[in-house]
Amino acid sequence: MQRPAVILSHTDILAPGASAALTRAALGSTRPALHGHDFFEMAWVQNGRVRHHLPEGREDLVEGDVIFAAPGHLHGLQGRGDDALLVSVTLHPDLIADLGRRHPALAGRLFWAEAATPQRLMRDSHQIAELNRAALRLERGRRDALGAEAFLLPLLCGLADETAPLPNGAPDWLARACAASRKPEVFHDGASGFARVAGKAHPHVSRSMRRFLDMSPSDWVNMQRMDYAARRLTGSADSLAEIAAECGVPNLSHFHKLFRVAHGETPQRFRRARQRDVVQPG
């Protein structure tokens with residue numbers, strides 16, 4: 001008979017007035033009972049391998065895997081070997097609720113995703129090193145809402161850029177490709193760059209884009225190009241030709257046409273209104 005899940009409370013973990021607590025734990029190899037909690041938990045594998053038990057199965061986590069568990073999620077963590085080390089951050093439910101209210105861009109992502117199990121993301125070696133530095137600052141610094149937000153917001157901002165919310169039923173590869181295509185090294189190559197990061201054949205990518213987003217890969221890529229161009233126009237003194245080339249649209253006539261469609265005015269007018277006039281109005 002399966003043991004009932006243990007439900008942890010933030011009042012037993014967080015100090016009075018604290019919004020976050022950080023724990024580093026060496027995981028034992030005994031299969032654990034599932035547990036839940038009334039708080040939000042962000043955890044990542046620091047070393048070794050971890051088996052993540054869920055109500056409907058299990059998954060293996062390796063170094064760089066990060067999970068985002070919300071109240072109502074049941075899970076258990078088991079070490080696979082003698083060197084399994086996990087870092088866990090307990091986050092007050094009021095903190096996460098407040099962040100969601102203040103930042104609509106987080107809707108449907110990470111802690112705010114409507115999912116029955118914890119969300120999982122993979123960080124590369126540079127990203128996990130950055131996460132560990134942020135965790136060290138949290139560990140040594142303040143644990144109130146200000147300190148917790150200082151830890152979370154840079155991370156969430158970056159992750160939100162990497163996880164594009166799509167309609168229900170959209171495949172994970174499409175969400176990852178949409179997020180990756182915001183980078184210049186991808187959108188510079190147009191629809192072929194999108195298909196490359198999707199890892200799928202171009203016809204399949206096109207059909208999926210039409211089904212879930214009602215646009216072509218080229219339409220999506222051009223949106224990312226013109227968003228990038230707008231930021232470059234206001235944030236630099238580089239010429240239109242240089243910016244257009246960075247976007248992968250070296251034909252200036254075509255660049256002007258795409259920009260007018262996206263922003264309703266010429267690149268030159270856009271730049272004047274949002275660059276010089278900000279610091280020298282009138």
# chains A, B, ... in the order shown; residues from 1 in each chain; ligands from 1
call {"tool": "residues_around", "arguments": {"residues": "A:Ile13", "least_positions_apart": "5", "cutoff": "9 Å", "atoms": "only C-alpha atoms", "output": "list in words"}}
result
Leu8, Ala21 and Thr90 of chain A
call {"tool": "write_last_selection", "arguments": {"atoms": "C-alpha atoms", "output": "PDB file, in the first residue's frame"}}
result
ATOM      1  CA  LEU A   8       5.477  20.425   3.681  1.00  0.00           C
ATOM      2  CA  ALA A  21      15.537  29.700   1.851  1.00  0.00           C
ATOM      3  CA  THR A  90      12.041  27.380  -1.110  1.00  0.00           C
TER       4      THR A  90
END
call {"tool": "closest_atom_pairs", "arguments": {"of": "stretch 152-248 of chain A", "to": "stretch 259-267 of chain A", "cutoff": "10 Å", "atoms": "only C-alpha atoms", "output": "JSON lines"}}
result
{"residue": "A:Asn222", "atom": "CA", "partner": "A:Ala262", "partner_atom": "CA", "distance": 8.8}
{"residue": "A:Met223", "atom": "CA", "partner": "A:Ala262", "partner_atom": "CA", "distance": 7.1}
{"residue": "A:Arg225", "atom": "CA", "partner": "A:Phe259", "partner_atom": "CA", "distance": 9.0}
{"residue": "A:Met226", "atom": "CA", "partner": "A:Phe259", "partner_atom": "CA", "distance": 5.9}
{"residue": "A:Asp227", "atom": "CA", "partner": "A:Ala262", "partner_atom": "CA", "distance": 8.2}
{"residue": "A:Ala229", "atom": "CA", "partner": "A:Phe259", "partner_atom": "CA", "distance": 8.1}
{"residue": "A:Ala230", "atom": "CA", "partner": "A:Pro267", "partner_atom": "CA", "distance": 7.8}
{"residue": "A:Leu233", "atom": "CA", "partner": "A:Pro267", "partner_atom": "CA", "distance": 7.5}
{"residue": "A:Thr234", "atom": "CA", "partner": "A:Pro267", "partner_atom": "CA", "distance": 9.9}
{"residue": "A:Leu240", "atom": "CA", "partner": "A:Pro267", "partner_atom": "CA", "distance": 7.7}
call {"tool": "atom_distance", "arguments": {"atom1": "atom CA of A:Gly28", "atom2": "atom CA of A:Gln78"}}
result
6.2 Å
call {"tool": "closest_residue", "arguments": {"among": "A:Pro71, A:Gly79, A:Gly100, A:Gly64", "to": "A:Ser29", "atoms": "only C-alpha atoms"}}
result
A:Gly79
call {"tool": "select_by_dssp", "arguments": {"residues": "stretch 66-282 of chain A", "states": "alpha helix (DSSP H)", "output": "PyMOL selection string"}}
result
chain A and resi 93-102+125-140+145-162+172-180+184-187+190-198+202-213+217-235+240-247+252-263+267-274+276-279
call {"tool": "residues_around", "arguments": {"residues": "A:Arg210", "least_positions_apart": "5", "cutoff": "12 Å", "atoms": "only C-alpha atoms", "output": "JSON, numbers by chain"}}
result
{"A": [170, 174, 203, 204, 205, 215, 216, 217, 218, 219, 220]}
call {"tool": "closest_atom_pairs", "arguments": {"of": "stretch 25-45 of chain A", "to": "stretch 129-153 of chain A", "cutoff": "12 Å", "atoms": "only C-alpha atoms", "output": "CSV"}}
result
residue,atom,partner,partner_atom,distance
A:Glu41,CA,A:Leu152,CA,11.8
A:Met42,CA,A:Leu152,CA,9.9
A:Ala43,CA,A:Leu131,CA,10.8
A:Trp44,CA,A:Leu131,CA,9.4
A:Val45,CA,A:Asn132,CA,10.7
call {"tool": "write_last_selection", "arguments": {"atoms": "C-alpha atoms", "output": "CSV table (one decimal), in the first residue's frame"}}
result
chain,number,residue,atom,x,y,z
A,41,GLU,CA,10.4,25.2,-5.1
A,42,MET,CA,13.1,25.7,-7.6
A,43,ALA,CA,15.8,22.9,-7.6
A,44,TRP,CA,18.7,21.9,-9.8
A,45,VAL,CA,21.2,19.0,-9.9
call {"tool": "closest_residue", "arguments": {"among": "A:Arg102, A:Lys183, A:His92, A:His75", "to": "A:Ala116", "atoms": "only C-alpha atoms"}}
result
A:His75
call {"tool": "residues_around", "arguments": {"residues": "A:Trp173", "least_positions_apart": "2", "cutoff": "12 Å", "atoms": "only C-alpha atoms", "output": "list in words"}}
result
Glu162, Thr163, Ala164, Leu166, Gly169, Ala170, Pro171, Ala175, Arg176, Ala177, Cys178, Ala179, Ala180, Phe194, Ala195, Arg196, Val197, Ala198, Gly199, Lys200, His204, Val205, Ser208 and Met209 of chain A
